[in-house]
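S.K.: Following this line is target-v7.cif, made up of mmCIF, N, CA and C atoms, pLDDT in the B column; chains and numbers go by the auth columns:
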data_work
loop_
_atom_site.group_PDB
_atom_site.id
_atom_site.type_symbol
_atom_site.label_atom_id
_atom_site.label_comp_id
_atom_site.label_asym_id
_atom_site.label_seq_id
_atom_site.Cartn_x
_atom_site.Cartn_y
_atom_site.Cartn_z
_atom_site.B_iso_or_equiv
_atom_site.auth_seq_id
_atom_site.auth_asym_id
ATOM 1 N N MET A 1 114.724 168.502 163.214 75.00 1428 A
ATOM 2 C CA MET A 1 115.841 169.403 163.124 75.00 1428 A
ATOM 3 C C MET A 1 116.156 169.644 161.641 75.00 1428 A
ATOM 4 N N ASP A 2 116.472 170.890 161.306 88.00 1429 A
ATOM 5 C CA ASP A 2 116.813 171.247 159.928 88.00 1429 A
ATOM 6 C C ASP A 2 118.123 170.596 159.516 88.00 1429 A
ATOM 7 N N THR A 3 118.254 170.362 158.221 92.00 1430 A
ATOM 8 C CA THR A 3 119.522 169.868 157.692 92.00 1430 A
ATOM 9 C C THR A 3 120.096 170.899 156.724 92.00 1430 A
ATOM 10 N N TYR A 4 121.395 170.797 156.492 93.00 1431 A
ATOM 11 C CA TYR A 4 122.113 171.776 155.689 93.00 1431 A
ATOM 12 C C TYR A 4 122.971 171.066 154.641 93.00 1431 A
ATOM 13 N N ASN A 5 123.218 171.760 153.544 91.00 1432 A
ATOM 14 C CA ASN A 5 124.079 171.268 152.480 91.00 1432 A
ATOM 15 C C ASN A 5 125.252 172.226 152.330 91.00 1432 A
ATOM 16 N N ILE A 6 126.424 171.678 152.038 92.00 1433 A
ATOM 17 C CA ILE A 6 127.613 172.495 151.832 92.00 1433 A
ATOM 18 C C ILE A 6 128.016 172.393 150.365 92.00 1433 A
ATOM 19 N N TYR A 7 128.228 173.552 149.756 91.00 1434 A
ATOM 20 C CA TYR A 7 128.640 173.627 148.354 91.00 1434 A
ATOM 21 C C TYR A 7 130.010 174.260 148.260 91.00 1434 A
ATOM 22 N N MET A 8 130.788 173.819 147.283 89.00 1435 A
ATOM 23 C CA MET A 8 132.094 174.395 147.011 89.00 1435 A
ATOM 24 C C MET A 8 132.031 175.031 145.631 89.00 1435 A
ATOM 25 N N ASP A 9 132.189 176.348 145.595 87.00 1436 A
ATOM 26 C CA ASP A 9 132.140 177.083 144.336 87.00 1436 A
ATOM 27 C C ASP A 9 133.553 177.460 143.919 87.00 1436 A
ATOM 28 N N GLU A 10 133.895 177.179 142.666 85.00 1437 A
ATOM 29 C CA GLU A 10 135.193 177.549 142.121 85.00 1437 A
ATOM 30 C C GLU A 10 134.996 178.680 141.121 85.00 1437 A
ATOM 31 N N THR A 11 135.767 179.737 141.287 82.00 1438 A
ATOM 32 C CA THR A 11 135.752 180.839 140.332 82.00 1438 A
ATOM 33 C C THR A 11 137.190 181.129 139.927 82.00 1438 A
ATOM 34 N N PRO A 12 137.426 181.517 138.688 79.00 1439 A
ATOM 35 C CA PRO A 12 138.799 181.850 138.287 79.00 1439 A
ATOM 36 C C PRO A 12 139.355 182.962 139.171 79.00 1439 A
ATOM 37 N N ALA A 13 140.624 182.819 139.549 76.00 1440 A
ATOM 38 C CA ALA A 13 141.258 183.815 140.419 76.00 1440 A
ATOM 39 C C ALA A 13 141.365 185.159 139.723 76.00 1440 A
ATOM 40 N N SER A 14 141.591 185.114 138.423 74.00 1441 A
ATOM 41 C CA SER A 14 141.623 186.349 137.644 74.00 1441 A
ATOM 42 C C SER A 14 141.207 186.017 136.217 74.00 1441 A
ATOM 43 N N GLU A 15 140.840 187.025 135.504 69.00 1442 A
ATOM 44 C CA GLU A 15 140.390 186.785 134.130 69.00 1442 A
ATOM 45 C C GLU A 15 141.544 186.426 133.205 69.00 1442 A
ATOM 46 N N PHE A 16 142.784 186.639 133.656 69.00 1443 A
ATOM 47 C CA PHE A 16 143.955 186.363 132.823 69.00 1443 A
ATOM 48 C C PHE A 16 144.592 185.016 133.133 69.00 1443 A
ATOM 49 N N ASP A 17 144.212 184.404 134.255 66.00 1444 A
ATOM 50 C CA ASP A 17 144.834 183.148 134.682 66.00 1444 A
ATOM 51 C C ASP A 17 143.769 182.061 134.749 66.00 1444 A
ATOM 52 N N ASP A 18 143.795 181.161 133.771 66.00 1445 A
ATOM 53 C CA ASP A 18 142.781 180.104 133.704 66.00 1445 A
ATOM 54 C C ASP A 18 143.079 178.933 134.624 66.00 1445 A
ATOM 55 N N GLU A 19 144.281 178.874 135.186 73.00 1446 A
ATOM 56 C CA GLU A 19 144.670 177.719 135.984 73.00 1446 A
ATOM 57 C C GLU A 19 144.477 177.933 137.483 73.00 1446 A
ATOM 58 N N SER A 20 144.304 179.156 137.938 82.00 1447 A
ATOM 59 C CA SER A 20 144.120 179.440 139.359 82.00 1447 A
ATOM 60 C C SER A 20 142.643 179.669 139.652 82.00 1447 A
ATOM 61 N N PHE A 21 142.197 179.090 140.742 83.00 1448 A
ATOM 62 C CA PHE A 21 140.802 179.237 141.137 83.00 1448 A
ATOM 63 C C PHE A 21 140.716 179.694 142.578 83.00 1448 A
ATOM 64 N N GLU A 22 139.708 180.468 142.864 86.00 1449 A
ATOM 65 C CA GLU A 22 139.358 180.801 144.243 86.00 1449 A
ATOM 66 C C GLU A 22 138.215 179.885 144.647 86.00 1449 A
ATOM 67 N N ILE A 23 138.303 179.354 145.828 87.00 1450 A
ATOM 68 C CA ILE A 23 137.295 178.422 146.329 87.00 1450 A
ATOM 69 C C ILE A 23 136.490 179.113 147.413 87.00 1450 A
ATOM 70 N N GLU A 24 135.187 179.031 147.305 89.00 1451 A
ATOM 71 C CA GLU A 24 134.292 179.546 148.342 89.00 1451 A
ATOM 72 C C GLU A 24 133.327 178.438 148.726 89.00 1451 A
ATOM 73 N N PHE A 25 133.049 178.350 150.003 90.00 1452 A
ATOM 74 C CA PHE A 25 132.092 177.368 150.493 90.00 1452 A
ATOM 75 C C PHE A 25 130.814 178.081 150.901 90.00 1452 A
ATOM 76 N N ARG A 26 129.696 177.456 150.592 89.00 1453 A
ATOM 77 C CA ARG A 26 128.384 177.978 150.988 89.00 1453 A
ATOM 78 C C ARG A 26 127.671 176.906 151.795 89.00 1453 A
ATOM 79 N N VAL A 27 127.015 177.333 152.856 91.00 1454 A
ATOM 80 C CA VAL A 27 126.170 176.437 153.644 91.00 1454 A
ATOM 81 C C VAL A 27 124.734 176.900 153.441 91.00 1454 A
ATOM 82 N N VAL A 28 123.887 175.988 152.959 90.00 1455 A
ATOM 83 C CA VAL A 28 122.513 176.331 152.617 90.00 1455 A
ATOM 84 C C VAL A 28 121.572 175.394 153.366 90.00 1455 A
ATOM 85 N N GLN A 29 120.570 175.968 153.994 90.00 1456 A
ATOM 86 C CA GLN A 29 119.565 175.147 154.666 90.00 1456 A
ATOM 87 C C GLN A 29 118.846 174.318 153.608 90.00 1456 A
ATOM 88 N N ALA A 30 118.730 173.018 153.835 86.00 1457 A
ATOM 89 C CA ALA A 30 118.178 172.109 152.832 86.00 1457 A
ATOM 90 C C ALA A 30 116.762 172.499 152.424 86.00 1457 A
ATOM 91 N N GLY A 31 115.976 173.012 153.325 83.00 1458 A
ATOM 92 C CA GLY A 31 114.607 173.409 153.012 83.00 1458 A
ATOM 93 C C GLY A 31 114.533 174.603 152.076 83.00 1458 A
ATOM 94 N N GLN A 32 115.590 175.402 152.036 83.00 1459 A
ATOM 95 C CA GLN A 32 115.627 176.586 151.182 83.00 1459 A
ATOM 96 C C GLN A 32 116.568 176.392 149.997 83.00 1459 A
ATOM 97 N N ASP A 33 117.080 175.179 149.828 80.00 1460 A
ATOM 98 C CA ASP A 33 118.068 174.899 148.796 80.00 1460 A
ATOM 99 C C ASP A 33 117.383 174.663 147.462 80.00 1460 A
ATOM 100 N N GLU A 34 117.733 175.477 146.474 79.00 1461 A
ATOM 101 C CA GLU A 34 117.153 175.333 145.142 79.00 1461 A
ATOM 102 C C GLU A 34 118.029 174.476 144.235 79.00 1461 A
ATOM 103 N N ASN A 35 119.254 174.169 144.652 75.00 1462 A
ATOM 104 C CA ASN A 35 120.178 173.364 143.845 75.00 1462 A
ATOM 105 C C ASN A 35 119.905 171.884 144.032 75.00 1462 A
ATOM 106 N N ASP A 36 120.401 171.109 143.100 68.00 1463 A
ATOM 107 C CA ASP A 36 120.321 169.661 143.209 68.00 1463 A
ATOM 108 C C ASP A 36 121.337 169.205 144.251 68.00 1463 A
ATOM 109 N N GLN A 37 120.924 168.381 145.209 66.00 1464 A
ATOM 110 C CA GLN A 37 121.833 167.946 146.265 66.00 1464 A
ATOM 111 C C GLN A 37 123.022 167.177 145.712 66.00 1464 A
ATOM 112 N N ASP A 38 122.927 166.639 144.513 72.00 1465 A
ATOM 113 C CA ASP A 38 124.064 165.933 143.925 72.00 1465 A
ATOM 114 C C ASP A 38 125.247 166.861 143.714 72.00 1465 A
ATOM 115 N N GLU A 39 124.996 168.164 143.610 81.00 1466 A
ATOM 116 C CA GLU A 39 126.076 169.133 143.432 81.00 1466 A
ATOM 117 C C GLU A 39 126.730 169.500 144.757 81.00 1466 A
ATOM 118 N N ALA A 40 126.123 169.136 145.859 83.00 1467 A
ATOM 119 C CA ALA A 40 126.663 169.488 147.174 83.00 1467 A
ATOM 120 C C ALA A 40 127.909 168.662 147.468 83.00 1467 A
ATOM 121 N N VAL A 41 128.884 169.295 148.121 88.00 1468 A
ATOM 122 C CA VAL A 41 130.066 168.576 148.570 88.00 1468 A
ATOM 123 C C VAL A 41 129.672 167.650 149.713 88.00 1468 A
ATOM 124 N N ILE A 42 128.884 168.182 150.629 87.00 1469 A
ATOM 125 C CA ILE A 42 128.338 167.415 151.751 87.00 1469 A
ATOM 126 C C ILE A 42 126.870 167.791 151.872 87.00 1469 A
ATOM 127 N N ALA A 43 126.005 166.808 151.987 86.00 1470 A
ATOM 128 C CA ALA A 43 124.570 167.082 152.077 86.00 1470 A
ATOM 129 C C ALA A 43 123.984 166.417 153.313 86.00 1470 A
ATOM 130 N N GLY A 44 122.963 167.044 153.862 89.00 1471 A
ATOM 131 C CA GLY A 44 122.190 166.438 154.938 89.00 1471 A
ATOM 132 C C GLY A 44 122.791 166.548 156.316 89.00 1471 A
ATOM 133 N N LEU A 45 123.595 167.563 156.574 93.00 1472 A
ATOM 134 C CA LEU A 45 124.157 167.761 157.908 93.00 1472 A
ATOM 135 C C LEU A 45 123.163 168.503 158.785 93.00 1472 A
ATOM 136 N N ASP A 46 123.031 168.045 160.017 94.00 1473 A
ATOM 137 C CA ASP A 46 122.214 168.830 160.936 94.00 1473 A
ATOM 138 C C ASP A 46 123.124 169.819 161.658 94.00 1473 A
ATOM 139 N N LEU A 47 122.558 170.647 162.497 93.00 1474 A
ATOM 140 C CA LEU A 47 123.325 171.703 163.157 93.00 1474 A
ATOM 141 C C LEU A 47 124.463 171.136 164.005 93.00 1474 A
ATOM 142 N N ILE A 48 124.227 170.034 164.678 94.00 1475 A
ATOM 143 C CA ILE A 48 125.271 169.406 165.498 94.00 1475 A
ATOM 144 C C ILE A 48 126.427 168.949 164.611 94.00 1475 A
ATOM 145 N N ASP A 49 126.110 168.363 163.446 95.00 1476 A
ATOM 146 C CA ASP A 49 127.159 167.953 162.509 95.00 1476 A
ATOM 147 C C ASP A 49 127.980 169.151 162.045 95.00 1476 A
ATOM 148 N N LEU A 50 127.311 170.274 161.773 95.00 1477 A
ATOM 149 C CA LEU A 50 128.029 171.485 161.366 95.00 1477 A
ATOM 150 C C LEU A 50 128.967 171.962 162.466 95.00 1477 A
ATOM 151 N N ILE A 51 128.526 171.868 163.705 95.00 1478 A
ATOM 152 C CA ILE A 51 129.372 172.272 164.831 95.00 1478 A
ATOM 153 C C ILE A 51 130.585 171.360 164.925 95.00 1478 A
ATOM 154 N N TYR A 52 130.378 170.044 164.775 96.00 1479 A
ATOM 155 C CA TYR A 52 131.503 169.106 164.803 96.00 1479 A
ATOM 156 C C TYR A 52 132.465 169.368 163.651 96.00 1479 A
ATOM 157 N N LEU A 53 131.927 169.663 162.475 95.00 1480 A
ATOM 158 C CA LEU A 53 132.762 169.971 161.315 95.00 1480 A
ATOM 159 C C LEU A 53 133.581 171.232 161.565 95.00 1480 A
ATOM 160 N N ARG A 54 132.933 172.257 162.107 96.00 1481 A
ATOM 161 C CA ARG A 54 133.643 173.497 162.432 96.00 1481 A
ATOM 162 C C ARG A 54 134.765 173.233 163.423 96.00 1481 A
ATOM 163 N N ASP A 55 134.480 172.455 164.463 97.00 1482 A
ATOM 164 C CA ASP A 55 135.488 172.164 165.482 97.00 1482 A
ATOM 165 C C ASP A 55 136.656 171.367 164.908 97.00 1482 A
ATOM 166 N N ALA A 56 136.360 170.408 164.036 96.00 1483 A
ATOM 167 C CA ALA A 56 137.423 169.604 163.425 96.00 1483 A
ATOM 168 C C ALA A 56 138.299 170.467 162.514 96.00 1483 A
ATOM 169 N N LEU A 57 137.673 171.344 161.735 95.00 1484 A
ATOM 170 C CA LEU A 57 138.439 172.239 160.880 95.00 1484 A
ATOM 171 C C LEU A 57 139.290 173.199 161.702 95.00 1484 A
ATOM 172 N N GLN A 58 138.726 173.739 162.769 97.00 1485 A
ATOM 173 C CA GLN A 58 139.478 174.647 163.630 97.00 1485 A
ATOM 174 C C GLN A 58 140.659 173.937 164.267 97.00 1485 A
ATOM 175 N N GLN A 59 140.481 172.674 164.660 97.00 1486 A
ATOM 176 C CA GLN A 59 141.578 171.913 165.255 97.00 1486 A
ATOM 177 C C GLN A 59 142.703 171.715 164.242 97.00 1486 A
ATOM 178 N N GLU A 60 142.360 171.414 163.003 97.00 1487 A
ATOM 179 C CA GLU A 60 143.390 171.240 161.967 97.00 1487 A
ATOM 180 C C GLU A 60 144.113 172.551 161.677 97.00 1487 A
ATOM 181 N N ILE A 61 143.377 173.648 161.658 97.00 1488 A
ATOM 182 C CA ILE A 61 144.003 174.962 161.454 97.00 1488 A
ATOM 183 C C ILE A 61 144.958 175.266 162.609 97.00 1488 A
ATOM 184 N N ASP A 62 144.529 175.001 163.830 97.00 1489 A
ATOM 185 C CA ASP A 62 145.380 175.230 164.999 97.00 1489 A
ATOM 186 C C ASP A 62 146.626 174.343 164.957 97.00 1489 A
ATOM 187 N N ASN A 63 146.459 173.068 164.566 97.00 1490 A
ATOM 188 C CA ASN A 63 147.601 172.159 164.475 97.00 1490 A
ATOM 189 C C ASN A 63 148.609 172.653 163.440 97.00 1490 A
ATOM 190 N N TYR A 64 148.124 173.109 162.302 97.00 1491 A
ATOM 191 C CA TYR A 64 149.000 173.618 161.252 97.00 1491 A
ATOM 192 C C TYR A 64 149.762 174.851 161.743 97.00 1491 A
ATOM 193 N N ALA A 65 149.055 175.755 162.389 96.00 1492 A
ATOM 194 C CA ALA A 65 149.696 176.968 162.902 96.00 1492 A
ATOM 195 C C ALA A 65 150.753 176.619 163.947 96.00 1492 A
ATOM 196 N N LEU A 66 150.444 175.674 164.812 97.00 1493 A
ATOM 197 C CA LEU A 66 151.393 175.272 165.846 97.00 1493 A
ATOM 198 C C LEU A 66 152.635 174.644 165.227 97.00 1493 A
ATOM 199 N N ARG A 67 152.452 173.768 164.228 97.00 1494 A
ATOM 200 C CA ARG A 67 153.603 173.161 163.557 97.00 1494 A
ATOM 201 C C ARG A 67 154.462 174.235 162.880 97.00 1494 A
ATOM 202 N N SER A 68 153.822 175.228 162.285 96.00 1495 A
ATOM 203 C CA SER A 68 154.563 176.314 161.635 96.00 1495 A
ATOM 204 C C SER A 68 155.372 177.111 162.657 96.00 1495 A
ATOM 205 N N LEU A 69 154.760 177.405 163.788 96.00 1496 A
ATOM 206 C CA LEU A 69 155.472 178.137 164.843 96.00 1496 A
ATOM 207 C C LEU A 69 156.637 177.322 165.394 96.00 1496 A
ATOM 208 N N GLU A 70 156.413 176.023 165.586 96.00 1497 A
ATOM 209 C CA GLU A 70 157.481 175.163 166.086 96.00 1497 A
ATOM 210 C C GLU A 70 158.630 175.082 165.086 96.00 1497 A
ATOM 211 N N ALA A 71 158.319 174.998 163.800 94.00 1498 A
ATOM 212 C CA ALA A 71 159.361 174.949 162.772 94.00 1498 A
ATOM 213 C C ALA A 71 160.135 176.259 162.738 94.00 1498 A
ATOM 214 N N ALA A 72 159.446 177.385 162.844 94.00 1499 A
ATOM 215 C CA ALA A 72 160.120 178.685 162.859 94.00 1499 A
ATOM 216 C C ALA A 72 161.012 178.818 164.087 94.00 1499 A
ATOM 217 N N ALA A 73 160.540 178.330 165.231 93.00 1500 A
ATOM 218 C CA ALA A 73 161.342 178.393 166.456 93.00 1500 A
ATOM 219 C C ALA A 73 162.577 177.509 166.330 93.00 1500 A
ATOM 220 N N ALA A 74 162.431 176.339 165.726 92.00 1501 A
ATOM 221 C CA ALA A 74 163.568 175.442 165.540 92.00 1501 A
ATOM 222 C C ALA A 74 164.602 176.073 164.612 92.00 1501 A
ATOM 223 N N LEU A 75 164.145 176.728 163.548 91.00 1502 A
ATOM 224 C CA LEU A 75 165.072 177.412 162.641 91.00 1502 A
ATOM 225 C C LEU A 75 165.791 178.550 163.348 91.00 1502 A
ATOM 226 N N ALA A 76 165.069 179.282 164.183 89.00 1503 A
ATOM 227 C CA ALA A 76 165.688 180.387 164.921 89.00 1503 A
ATOM 228 C C ALA A 76 166.739 179.858 165.896 89.00 1503 A
ATOM 229 N N GLU A 77 166.450 178.732 166.552 89.00 1504 A
ATOM 230 C CA GLU A 77 167.421 178.138 167.470 89.00 1504 A
ATOM 231 C C GLU A 77 168.664 177.669 166.724 89.00 1504 A
ATOM 232 N N GLU A 78 168.467 177.041 165.550 87.00 1505 A
ATOM 233 C CA GLU A 78 169.594 176.594 164.742 87.00 1505 A
ATOM 234 C C GLU A 78 170.443 177.775 164.298 87.00 1505 A
ATOM 235 N N SER A 79 169.764 178.856 163.914 84.00 1506 A
ATOM 236 C CA SER A 79 170.470 180.058 163.465 84.00 1506 A
ATOM 237 C C SER A 79 171.291 180.644 164.601 84.00 1506 A
ATOM 238 N N LEU A 80 170.750 180.677 165.806 82.00 1507 A
ATOM 239 C CA LEU A 80 171.485 181.186 166.954 82.00 1507 A
ATOM 240 C C LEU A 80 172.663 180.277 167.296 82.00 1507 A
ATOM 241 N N ALA A 81 172.449 178.978 167.209 81.00 1508 A
ATOM 242 C CA ALA A 81 173.519 178.028 167.512 81.00 1508 A
ATOM 243 C C ALA A 81 174.646 178.134 166.500 81.00 1508 A
ATOM 244 N N ASP A 82 174.330 178.391 165.251 78.00 1509 A
ATOM 245 C CA ASP A 82 175.342 178.550 164.216 78.00 1509 A
ATOM 246 C C ASP A 82 176.171 179.823 164.412 78.00 1509 A
ATOM 247 N N GLU A 83 175.556 180.859 164.963 76.00 1510 A
ATOM 248 C CA GLU A 83 176.247 182.127 165.188 76.00 1510 A
ATOM 249 C C GLU A 83 177.251 182.023 166.327 76.00 1510 A
ATOM 250 N N GLU A 84 177.005 181.114 167.259 69.00 1511 A
ATOM 251 C CA GLU A 84 177.883 180.995 168.444 69.00 1511 A
ATOM 252 C C GLU A 84 179.095 180.249 168.118 69.00 1511 A
#
Render the structure in this file as structure tokens.
M.R.:
Amino acid sequence: MDTYNIYMDETPASEFDDESFEIEFRVVQAGQDENDQDEAVIAGLDLIDLIYLRDALQQEIDNYALRSLEAAAALAEESLADEE
């Protein structure tokens, strides 16, 4: 089974702001990878590992969104209770 490496590339957000960076992730098949694996954030993942990583990240994104919605709903309830 093929393995994959994940790289995190940082680029300045703008040419005028040296402190802000945009982060991009790249997934490269190890057999076609020309970079040194030491530069990889994560190296040697097989396809199943990538699927598990995707699922774990999606779960965290969903949890964050749910907490945000719950907090907004709680604020709305407090606001309504204060008006009464």
S.K.: Taking the file as shown, what set of residues would the PyMOL selection byres (((chain A and resi 1450 and name CA) around 10) and name CA) give back, as a ChimeraX atom specification?
M.R.: /A:1435-1440,1447-1449,1451-1452
S.K.: Can you pull out every residue from chain A that DSSP, working from the backbone, puts in helix (DSSP H, G or I), and format the result as an mmCIF file with N, CA and C atoms, in the frame of the given file?
M.R.:
data_model
loop_
_atom_site.group_PDB
_atom_site.id
_atom_site.type_symbol
_atom_site.label_atom_id
_atom_site.label_comp_id
_atom_site.auth_asym_id
_atom_site.auth_seq_id
_atom_site.Cartn_x
_atom_site.Cartn_y
_atom_site.Cartn_z
ATOM 1 N N ALA A 1457 118.730 173.018 153.835
ATOM 2 C CA ALA A 1457 118.178 172.109 152.832
ATOM 3 C C ALA A 1457 116.762 172.499 152.424
ATOM 4 N N GLY A 1458 115.976 173.012 153.325
ATOM 5 C CA GLY A 1458 114.607 173.409 153.012
ATOM 6 C C GLY A 1458 114.533 174.603 152.076
ATOM 7 N N GLN A 1459 115.590 175.402 152.036
ATOM 8 C CA GLN A 1459 115.627 176.586 151.182
ATOM 9 C C GLN A 1459 116.568 176.392 149.997
ATOM 10 N N GLN A 1464 120.924 168.381 145.209
ATOM 11 C CA GLN A 1464 121.833 167.946 146.265
ATOM 12 C C GLN A 1464 123.022 167.177 145.712
ATOM 13 N N ASP A 1465 122.927 166.639 144.513
ATOM 14 C CA ASP A 1465 124.064 165.933 143.925
ATOM 15 C C ASP A 1465 125.247 166.861 143.714
ATOM 16 N N GLU A 1466 124.996 168.164 143.610
ATOM 17 C CA GLU A 1466 126.076 169.133 143.432
ATOM 18 C C GLU A 1466 126.730 169.500 144.757
ATOM 19 N N LEU A 1474 122.558 170.647 162.497
ATOM 20 C CA LEU A 1474 123.325 171.703 163.157
ATOM 21 C C LEU A 1474 124.463 171.136 164.005
ATOM 22 N N ILE A 1475 124.227 170.034 164.678
ATOM 23 C CA ILE A 1475 125.271 169.406 165.498
ATOM 24 C C ILE A 1475 126.427 168.949 164.611
ATOM 25 N N ASP A 1476 126.110 168.363 163.446
ATOM 26 C CA ASP A 1476 127.159 167.953 162.509
ATOM 27 C C ASP A 1476 127.980 169.151 162.045
ATOM 28 N N LEU A 1477 127.311 170.274 161.773
ATOM 29 C CA LEU A 1477 128.029 171.485 161.366
ATOM 30 C C LEU A 1477 128.967 171.962 162.466
ATOM 31 N N ILE A 1478 128.526 171.868 163.705
ATOM 32 C CA ILE A 1478 129.372 172.272 164.831
ATOM 33 C C ILE A 1478 130.585 171.360 164.925
ATOM 34 N N TYR A 1479 130.378 170.044 164.775
ATOM 35 C CA TYR A 1479 131.503 169.106 164.803
ATOM 36 C C TYR A 1479 132.465 169.368 163.651
ATOM 37 N N LEU A 1480 131.927 169.663 162.475
ATOM 38 C CA LEU A 1480 132.762 169.971 161.315
ATOM 39 C C LEU A 1480 133.581 171.232 161.565
ATOM 40 N N ARG A 1481 132.933 172.257 162.107
ATOM 41 C CA ARG A 1481 133.643 173.497 162.432
ATOM 42 C C ARG A 1481 134.765 173.233 163.423
ATOM 43 N N ASP A 1482 134.480 172.455 164.463
ATOM 44 C CA ASP A 1482 135.488 172.164 165.482
ATOM 45 C C ASP A 1482 136.656 171.367 164.908
ATOM 46 N N ALA A 1483 136.360 170.408 164.036
ATOM 47 C CA ALA A 1483 137.423 169.604 163.425
ATOM 48 C C ALA A 1483 138.299 170.467 162.514
ATOM 49 N N LEU A 1484 137.673 171.344 161.735
ATOM 50 C CA LEU A 1484 138.439 172.239 160.880
ATOM 51 C C LEU A 1484 139.290 173.199 161.702
ATOM 52 N N GLN A 1485 138.726 173.739 162.769
ATOM 53 C CA GLN A 1485 139.478 174.647 163.630
ATOM 54 C C GLN A 1485 140.659 173.937 164.267
ATOM 55 N N GLN A 1486 140.481 172.674 164.660
ATOM 56 C CA GLN A 1486 141.578 171.913 165.255
ATOM 57 C C GLN A 1486 142.703 171.715 164.242
ATOM 58 N N GLU A 1487 142.360 171.414 163.003
ATOM 59 C CA GLU A 1487 143.390 171.240 161.967
ATOM 60 C C GLU A 1487 144.113 172.551 161.677
ATOM 61 N N ILE A 1488 143.377 173.648 161.658
ATOM 62 C CA ILE A 1488 144.003 174.962 161.454
ATOM 63 C C ILE A 1488 144.958 175.266 162.609
ATOM 64 N N ASP A 1489 144.529 175.001 163.830
ATOM 65 C CA ASP A 1489 145.380 175.230 164.999
ATOM 66 C C ASP A 1489 146.626 174.343 164.957
ATOM 67 N N ASN A 1490 146.459 173.068 164.566
ATOM 68 C CA ASN A 1490 147.601 172.159 164.475
ATOM 69 C C ASN A 1490 148.609 172.653 163.440
ATOM 70 N N TYR A 1491 148.124 173.109 162.302
ATOM 71 C CA TYR A 1491 149.000 173.618 161.252
ATOM 72 C C TYR A 1491 149.762 174.851 161.743
ATOM 73 N N ALA A 1492 149.055 175.755 162.389
ATOM 74 C CA ALA A 1492 149.696 176.968 162.902
ATOM 75 C C ALA A 1492 150.753 176.619 163.947
ATOM 76 N N LEU A 1493 150.444 175.674 164.812
ATOM 77 C CA LEU A 1493 151.393 175.272 165.846
ATOM 78 C C LEU A 1493 152.635 174.644 165.227
ATOM 79 N N ARG A 1494 152.452 173.768 164.228
ATOM 80 C CA ARG A 1494 153.603 173.161 163.557
ATOM 81 C C ARG A 1494 154.462 174.235 162.880
ATOM 82 N N SER A 1495 153.822 175.228 162.285
ATOM 83 C CA SER A 1495 154.563 176.314 161.635
ATOM 84 C C SER A 1495 155.372 177.111 162.657
ATOM 85 N N LEU A 1496 154.760 177.405 163.788
ATOM 86 C CA LEU A 1496 155.472 178.137 164.843
ATOM 87 C C LEU A 1496 156.637 177.322 165.394
ATOM 88 N N GLU A 1497 156.413 176.023 165.586
ATOM 89 C CA GLU A 1497 157.481 175.163 166.086
ATOM 90 C C GLU A 1497 158.630 175.082 165.086
ATOM 91 N N ALA A 1498 158.319 174.998 163.800
ATOM 92 C CA ALA A 1498 159.361 174.949 162.772
ATOM 93 C C ALA A 1498 160.135 176.259 162.738
ATOM 94 N N ALA A 1499 159.446 177.385 162.844
ATOM 95 C CA ALA A 1499 160.120 178.685 162.859
ATOM 96 C C ALA A 1499 161.012 178.818 164.087
ATOM 97 N N ALA A 1500 160.540 178.330 165.231
ATOM 98 C CA ALA A 1500 161.342 178.393 166.456
ATOM 99 C C ALA A 1500 162.577 177.509 166.330
ATOM 100 N N ALA A 1501 162.431 176.339 165.726
ATOM 101 C CA ALA A 1501 163.568 175.442 165.540
ATOM 102 C C ALA A 1501 164.602 176.073 164.612
ATOM 103 N N LEU A 1502 164.145 176.728 163.548
ATOM 104 C CA LEU A 1502 165.072 177.412 162.641
ATOM 105 C C LEU A 1502 165.791 178.550 163.348
ATOM 106 N N ALA A 1503 165.069 179.282 164.183
ATOM 107 C CA ALA A 1503 165.688 180.387 164.921
ATOM 108 C C ALA A 1503 166.739 179.858 165.896
ATOM 109 N N GLU A 1504 166.450 178.732 166.552
ATOM 110 C CA GLU A 1504 167.421 178.138 167.470
ATOM 111 C C GLU A 1504 168.664 177.669 166.724
ATOM 112 N N GLU A 1505 168.467 177.041 165.550
ATOM 113 C CA GLU A 1505 169.594 176.594 164.742
ATOM 114 C C GLU A 1505 170.443 177.775 164.298
ATOM 115 N N SER A 1506 169.764 178.856 163.914
ATOM 116 C CA SER A 1506 170.470 180.058 163.465
ATOM 117 C C SER A 1506 171.291 180.644 164.601
ATOM 118 N N LEU A 1507 170.750 180.677 165.806
ATOM 119 C CA LEU A 1507 171.485 181.186 166.954
ATOM 120 C C LEU A 1507 172.663 180.277 167.296
ATOM 121 N N ALA A 1508 172.449 178.978 167.209
ATOM 122 C CA ALA A 1508 173.519 178.028 167.512
ATOM 123 C C ALA A 1508 174.646 178.134 166.500
ATOM 124 N N ASP A 1509 174.330 178.391 165.251
ATOM 125 C CA ASP A 1509 175.342 178.550 164.216
ATOM 126 C C ASP A 1509 176.171 179.823 164.412
ATOM 127 N N GLU A 1510 175.556 180.859 164.963
ATOM 128 C CA GLU A 1510 176.247 182.127 165.188
ATOM 129 C C GLU A 1510 177.251 182.023 166.327
#
S.K.: So which residues get picked by the PyMOL selection byres (((chain A and resi 1468 and name CA) around 7) and name CA) here, written as a list of chain:residue names?
M.R.: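 This file, filtered by the PyMOL selection byres (((chain A and resi 1468 and name CA) around 7) and name CA), leaves A:Ile1433, A:Tyr1434, A:Met1435, A:Glu1466, A:Ala1467, A:Ile1469, A:Ala1470.
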S.K.: Counting all atoms listed in the file, which of A:Asp1429, A:Asp1460, A:Glu1446, A:Glu1487 gets nearest to Asp1473 of chain A?
M.R.: A:Asp1429
S.K.: Excluding Gly1458 of chain A and any residue of its chain fewer than 6 positions from it, enumerate the residues within 8 Å of it, using all atoms listed in the file, and give them as an MDAnalysis selection string.
M.R.: chainID A and resid 1429:1432
S.K.: Would you mind writing down, as a PyMOL selection string, each residue of segment 1432-1502 of chain A that DSSP on the backbone assigns to strand (DSSP E or B)?
M.R.: chain A and resi 1432-1441+1444-1456+1469-1473
S.K.: Could you give me the axis-aligned bounding box of segment 1429-1434 of chain A, with 5 Å of padding per side, as centre plus edge lengths in Å to one decimal, as JSON?
M.R.:
{"center_x": 123.2, "center_y": 172.1, "center_z": 154.8, "size_x": 23.5, "size_y": 14.4, "size_z": 23.0}
